[in-house]
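Q: Quick one: structure below, then a few questions.
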Amino acid sequence: MDDVNPDTAAPSDRTPDTPRDPMVVIDGVNKHFGDLHVLRDINLTVGKGEVVVVLGPSGSGKSTLCRAINRLETIESGTISIDGKALPEEGKPLAQLRADVGMVFQSFNLFAHKTIRDNVTLGPIKVRKKSKSDADQQATDLLKRVGVEAQADKYPAQLSGGQQQRVAIARSLAMGPKVMLFDEPTSALDPEMVNEVLDVMVGLAKEGMTMIVVTHEMGFARKAADRVVFMADGQIVETGTPQEFFTHPKSDRAKDFLGKILTH
Amino acid sequence: MLDILEKYDILGAFWMTIRLAFFSAIGALVIGTVLAVMRVSPVAILRRLGAFYVNTVRNTPLTLLIFFSIAGPYYILQISLTDKNSPTALVDNGIRWAIVALAVYHAAFVCEALRSGVNTVPLGQAEAARSIGLTFGQSLREVILPQAFRGAVAPLGSVLIALTKNTTVASVIGVAEASLLMSEIIENETASVTVFLVFALGFVVLTLPVGVFFTSLSRRLAVKR
């Protein structure tokens, strides 16, 4: 996907608040699902240590954008690079790059046939070539950090949704990622379990992890985001600090969206 | 009736059936797994080769395959699977070619059973495996296939039962397994119905435990989601 469209690659298209030390650079990215243009000329730069929350109505392309960053979705034009390296097409280089990009899914996707501990140690042992004992030690520490160390020998189906999602975060952290992607991490959870997951994410944000979070949790956006990106119909409509965005949205689409979710 | 049972080596014939079933089952599982990996691989040419194998072999009658195995490679191309100077070369060749044909034929069914198992594994499992940096091969080995095998245990049991009964087709090239002996006894003796029932019971004794074993195995190994 090196064929950068000359019309869209012009630097003037970039968001004005481009961070100085970029971790993720998305440049002129387009994608269709059949006739539907899900990503329209997306430009977004996320700096090191920055927490970007992507908001928008469903079907706006925010999940697709998140999944495109580690190439779970392919893109048709434009480029995505992570820490200065363009996303490889396939094979080993892509696997290595994915190891540096943590991903947390809406449906947790813990490996159903492995224990909680083995879920966390699989990547470090197979990809990072750690010894079993080192990986076990690290898993114990990480599970303690997300508060599920007591469940280490159980299987995913025996845990609650909130616990599973925290394990999924620990599994990603075990790879020592440069950036973490969260694709609606709390949307499949019962309401009383949302906070235990958000607390872990807020902790990560405070520690300086680079995060791109697709979510409907406005509270998290206010509390932890450095920047809010609002998407609608496959486009980035506006970006700003949470303060700006929630109190003085510029676009009509954003005003309409906020009006619908904040006044019920 | 008892004198008939004493006159012929019925247990020996069933032992041959068991040997045929055992070795061709191992062959079918190995070839079938390779085929299944080909059919789910991201490489289009491998997928097409796998599909071609399954569609060709699955739609060829087993009798033709077994007859062809001995007529083509052995009689015409002179490919022998035994030492030609051994006194039992002819018999052993028949047995071994029968095992090859049975394995080749049932591999197609093993492949389809495994592929149905792969379909029981949610797409998210593969995405999670890829997102922690596992390569395609690692995702298959560590995440997809272990779950696919568990989902495929019950259909694999059906394939193995079918295989056990299909060993009777080896009689067309003179392999001395149970059904060949049965035809021989029925031809020579009078009590055909009783003899038939004895052999039918023999096959039930062979296959029923296989079915029970695989059903309990599939229940025990089932992946909780």
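Within each chain, counting starts at residue 1; across the structure tokens, chains are named A, B, ... in the order shown, with ligands numbered 1 upward in that order.
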Using only C-alpha atoms, determine which residues lie at most 7 Å from segment 107-109 of chain B, disregarding the query and same-chain residues fewer than 4 positions distant; provide the list as a PDB file with all heavy atoms, in the first residue's frame.
A:
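After the write, result-v4.pdb holds the following:
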ATOM      1  N   ALA B  28      -4.617 -41.459   7.282  1.00  0.00           N
ATOM      2  CA  ALA B  28      -5.698 -40.530   6.919  1.00  0.00           C
ATOM      3  C   ALA B  28      -5.650 -39.279   7.797  1.00  0.00           C
ATOM      4  O   ALA B  28      -5.861 -38.158   7.317  1.00  0.00           O
ATOM      5  CB  ALA B  28      -7.053 -41.218   7.052  1.00  0.00           C
ATOM      6  N   LEU B  29      -5.342 -39.453   9.097  1.00  0.00           N
ATOM      7  CA  LEU B  29      -5.280 -38.291  10.001  1.00  0.00           C
ATOM      8  C   LEU B  29      -4.147 -37.356   9.595  1.00  0.00           C
ATOM      9  O   LEU B  29      -4.310 -36.133   9.577  1.00  0.00           O
ATOM     10  CB  LEU B  29      -5.106 -38.744  11.454  1.00  0.00           C
ATOM     11  CG  LEU B  29      -6.349 -39.336  12.120  1.00  0.00           C
ATOM     12  CD1 LEU B  29      -6.023 -39.901  13.493  1.00  0.00           C
ATOM     13  CD2 LEU B  29      -7.437 -38.268  12.241  1.00  0.00           C
ATOM     14  N   ILE B  31      -2.520 -37.125   6.528  1.00  0.00           N
ATOM     15  CA  ILE B  31      -2.774 -36.480   5.227  1.00  0.00           C
ATOM     16  C   ILE B  31      -3.931 -35.489   5.357  1.00  0.00           C
ATOM     17  O   ILE B  31      -3.884 -34.376   4.823  1.00  0.00           O
ATOM     18  CB  ILE B  31      -3.093 -37.525   4.134  1.00  0.00           C
ATOM     19  CG1 ILE B  31      -1.957 -38.561   4.035  1.00  0.00           C
ATOM     20  CG2 ILE B  31      -3.280 -36.853   2.782  1.00  0.00           C
ATOM     21  CD1 ILE B  31      -2.284 -39.739   3.138  1.00  0.00           C
ATOM     22  N   GLY B  32      -4.969 -35.889   6.093  1.00  0.00           N
ATOM     23  CA  GLY B  32      -6.146 -35.030   6.248  1.00  0.00           C
ATOM     24  C   GLY B  32      -5.812 -33.712   6.934  1.00  0.00           C
ATOM     25  O   GLY B  32      -6.342 -32.660   6.573  1.00  0.00           O
ATOM     26  N   VAL B  54      -9.715 -33.005  -2.351  1.00  0.00           N
ATOM     27  CA  VAL B  54     -10.918 -33.455  -1.639  1.00  0.00           C
ATOM     28  C   VAL B  54     -12.027 -33.797  -2.629  1.00  0.00           C
ATOM     29  O   VAL B  54     -12.649 -34.858  -2.554  1.00  0.00           O
ATOM     30  CB  VAL B  54     -11.383 -32.383  -0.642  1.00  0.00           C
ATOM     31  CG1 VAL B  54     -12.772 -32.709  -0.113  1.00  0.00           C
ATOM     32  CG2 VAL B  54     -10.395 -32.279   0.508  1.00  0.00           C
ATOM     33  N   VAL B  57     -10.999 -37.088  -4.748  1.00  0.00           N
ATOM     34  CA  VAL B  57     -10.924 -38.345  -4.008  1.00  0.00           C
ATOM     35  C   VAL B  57     -12.264 -38.704  -3.375  1.00  0.00           C
ATOM     36  O   VAL B  57     -12.697 -39.846  -3.392  1.00  0.00           O
ATOM     37  CB  VAL B  57      -9.811 -38.249  -2.944  1.00  0.00           C
ATOM     38  CG1 VAL B  57      -9.868 -39.435  -2.011  1.00  0.00           C
ATOM     39  CG2 VAL B  57      -8.462 -38.172  -3.630  1.00  0.00           C
ATOM     40  N   ARG B  58     -12.960 -37.673  -2.847  1.00  0.00           N
ATOM     41  CA  ARG B  58     -14.203 -37.936  -2.157  1.00  0.00           C
ATOM     42  C   ARG B  58     -15.274 -38.455  -3.114  1.00  0.00           C
ATOM     43  O   ARG B  58     -16.182 -39.169  -2.723  1.00  0.00           O
ATOM     44  CB  ARG B  58     -14.679 -36.652  -1.478  1.00  0.00           C
ATOM     45  CG  ARG B  58     -15.737 -36.878  -0.443  1.00  0.00           C
ATOM     46  CD  ARG B  58     -15.987 -35.632   0.328  1.00  0.00           C
ATOM     47  NE  ARG B  58     -16.296 -34.487  -0.533  1.00  0.00           N
ATOM     48  CZ  ARG B  58     -16.751 -33.329  -0.096  1.00  0.00           C
ATOM     49  NH1 ARG B  58     -16.923 -33.158   1.185  1.00  0.00           N
ATOM     50  NH2 ARG B  58     -16.996 -32.335  -0.916  1.00  0.00           N
ATOM     51  N   ALA B 103      -6.122 -44.792   3.325  1.00  0.00           N
ATOM     52  CA  ALA B 103      -5.655 -43.545   3.938  1.00  0.00           C
ATOM     53  C   ALA B 103      -5.922 -42.366   3.016  1.00  0.00           C
ATOM     54  O   ALA B 103      -6.445 -41.324   3.437  1.00  0.00           O
ATOM     55  CB  ALA B 103      -4.168 -43.644   4.265  1.00  0.00           C
ATOM     56  N   ALA B 113     -13.836 -32.938   8.034  1.00  0.00           N
ATOM     57  CA  ALA B 113     -14.225 -32.929   9.451  1.00  0.00           C
ATOM     58  C   ALA B 113     -13.440 -31.850  10.192  1.00  0.00           C
ATOM     59  O   ALA B 113     -13.991 -31.086  10.988  1.00  0.00           O
ATOM     60  CB  ALA B 113     -13.981 -34.299  10.074  1.00  0.00           C
ATOM     61  N   VAL B 159     -15.875 -40.560  10.873  1.00  0.00           N
ATOM     62  CA  VAL B 159     -14.974 -40.922   9.774  1.00  0.00           C
ATOM     63  C   VAL B 159     -14.241 -42.218  10.114  1.00  0.00           C
ATOM     64  O   VAL B 159     -14.111 -43.117   9.272  1.00  0.00           O
ATOM     65  CB  VAL B 159     -13.955 -39.788   9.501  1.00  0.00           C
ATOM     66  CG1 VAL B 159     -12.905 -40.251   8.507  1.00  0.00           C
ATOM     67  CG2 VAL B 159     -14.666 -38.553   8.978  1.00  0.00           C
TER      68      VAL B 159
END
Q: How close does chain A get to chain B? List, as a tab-separated table, each residue of chain A within 8 Å, its nearest atom pair and the distance in Å to one decimal, counting only C-alpha atoms.
A:
residue	atom	partner	partner_atom	distance
A:Asn70	CA	B:Ser131	CA	7.2
A:Leu72	CA	B:Glu127	CA	7.0
A:Gly91	CA	B:Thr135	CA	7.0
A:Lys92	CA	B:Thr135	CA	6.4
A:Leu94	CA	B:Gly133	CA	7.9
A:Ala95	CA	B:Gly133	CA	4.4
A:Gln96	CA	B:Gly133	CA	5.7
A:Leu97	CA	B:Gly133	CA	7.1
A:Arg98	CA	B:Gly133	CA	4.9
A:Ala99	CA	B:Gly133	CA	4.1
A:Asp100	CA	B:Gly133	CA	7.8
A:Val101	CA	B:Ser131	CA	7.4
A:Gly102	CA	B:Ile132	CA	6.8
A:Met103	CA	B:Ser131	CA	6.3
A:Ser107	CA	B:Gly124	CA	7.7
A:Asn109	CA	B:Gly124	CA	5.5
A:Leu110	CA	B:Gln125	CA	7.1
A:Phe111	CA	B:Gln125	CA	6.2
A:Ala112	CA	B:Arg225	CA	6.4
A:His113	CA	B:Val223	CA	5.9
A:Gly123	CA	B:Ile132	CA	5.9
A:Lys126	CA	B:Leu134	CA	7.3
A:Val127	CA	B:Leu134	CA	6.4
A:Pro156	CA	B:Arg225	CA	7.7
A:Ala157	CA	B:Arg225	CA	5.3
A:Ser172	CA	B:Ile132	CA	6.8
A:Met175	CA	B:Ile132	CA	7.2
Q: If you measure from atom CA of His248 of chain A to atom CA of Lys223 of chain A, what distance in Å do you get, rounded to one decimal?
A: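 Here the two named atoms are 17.1 Å from each other.
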Q: Just how far from atom CA of Arg96 of chain B is atom CA of Glu6 of chain B, in Å to one decimal?
A: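 Between these atoms lies a distance of 28.2 Å.
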Q: DSSP says strand (DSSP E) for which residues of segment 29-250 of chain A? Put them as number ranges by chain?
A: A: 29-33, 36-47, 51-55, 77-82, 85-86, 101-104, 179-183, 210-214, 227-232, 235-240
Q: Residues at most 10 Å from Gly147 of chain A, counting only C-alpha atoms, excluding those fewer than 2 positions away in the same chain, as a list in words?
A: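 Using only C-alpha atoms, the neighbours found are Asp141, Leu142, Leu143, Lys144, Arg145, Glu149, Ala150, Gln151, Gln163, Arg166, Val167, Ala170, Glu196 and Val200 of chain A.
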Q: How many Å separate atom CA of Val104 of chain B from atom CA of Thr56 of chain B?
A: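 Separating atom CA of Val104 of chain B from atom CA of Thr56 of chain B is a distance of 11.0 Å.
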Q: According to DSSP computed on the backbone, where in chain B is there helix (DSSP H, G or I)? Give the residues as a VMD selection string.
A: chain B and resid 2 to 7 10 to 40 44 to 58 62 to 76 89 to 118 123 to 131 136 to 173 178 to 188 192 to 221
Q: Would you mind listing what lies within 8 Å of Gly49 of chain A as an MDAnalysis selection string, with only C-alpha atoms counted and same-chain residues fewer than 3 positions away left out?
A: chainID A and resid 205 208:211
Q: Could you please take those selected residues and save N, CA, C and O atoms as a PDB file, in the first residue's frame?
A:
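File produced: selection_1.pdb:
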ATOM      1  N   ALA A 205      -3.031   5.079  31.024  1.00  0.00           N
ATOM      2  CA  ALA A 205      -2.878   6.408  30.433  1.00  0.00           C
ATOM      3  C   ALA A 205      -1.979   7.271  31.306  1.00  0.00           C
ATOM      4  O   ALA A 205      -1.108   7.993  30.804  1.00  0.00           O
ATOM      5  N   GLY A 208       1.679   6.849  30.944  1.00  0.00           N
ATOM      6  CA  GLY A 208       2.324   7.336  29.731  1.00  0.00           C
ATOM      7  C   GLY A 208       2.238   6.420  28.542  1.00  0.00           C
ATOM      8  O   GLY A 208       2.961   6.599  27.556  1.00  0.00           O
ATOM      9  N   MET A 209       1.365   5.406  28.601  1.00  0.00           N
ATOM     10  CA  MET A 209       1.181   4.530  27.439  1.00  0.00           C
ATOM     11  C   MET A 209       0.521   5.302  26.306  1.00  0.00           C
ATOM     12  O   MET A 209      -0.380   6.111  26.544  1.00  0.00           O
ATOM     13  N   THR A 210       0.997   5.086  25.079  1.00  0.00           N
ATOM     14  CA  THR A 210       0.330   5.652  23.914  1.00  0.00           C
ATOM     15  C   THR A 210      -0.925   4.826  23.659  1.00  0.00           C
ATOM     16  O   THR A 210      -0.848   3.613  23.534  1.00  0.00           O
ATOM     17  N   MET A 211      -2.079   5.493  23.607  1.00  0.00           N
ATOM     18  CA  MET A 211      -3.326   4.740  23.466  1.00  0.00           C
ATOM     19  C   MET A 211      -4.242   5.356  22.425  1.00  0.00           C
ATOM     20  O   MET A 211      -4.382   6.571  22.359  1.00  0.00           O
TER      21      MET A 211
END
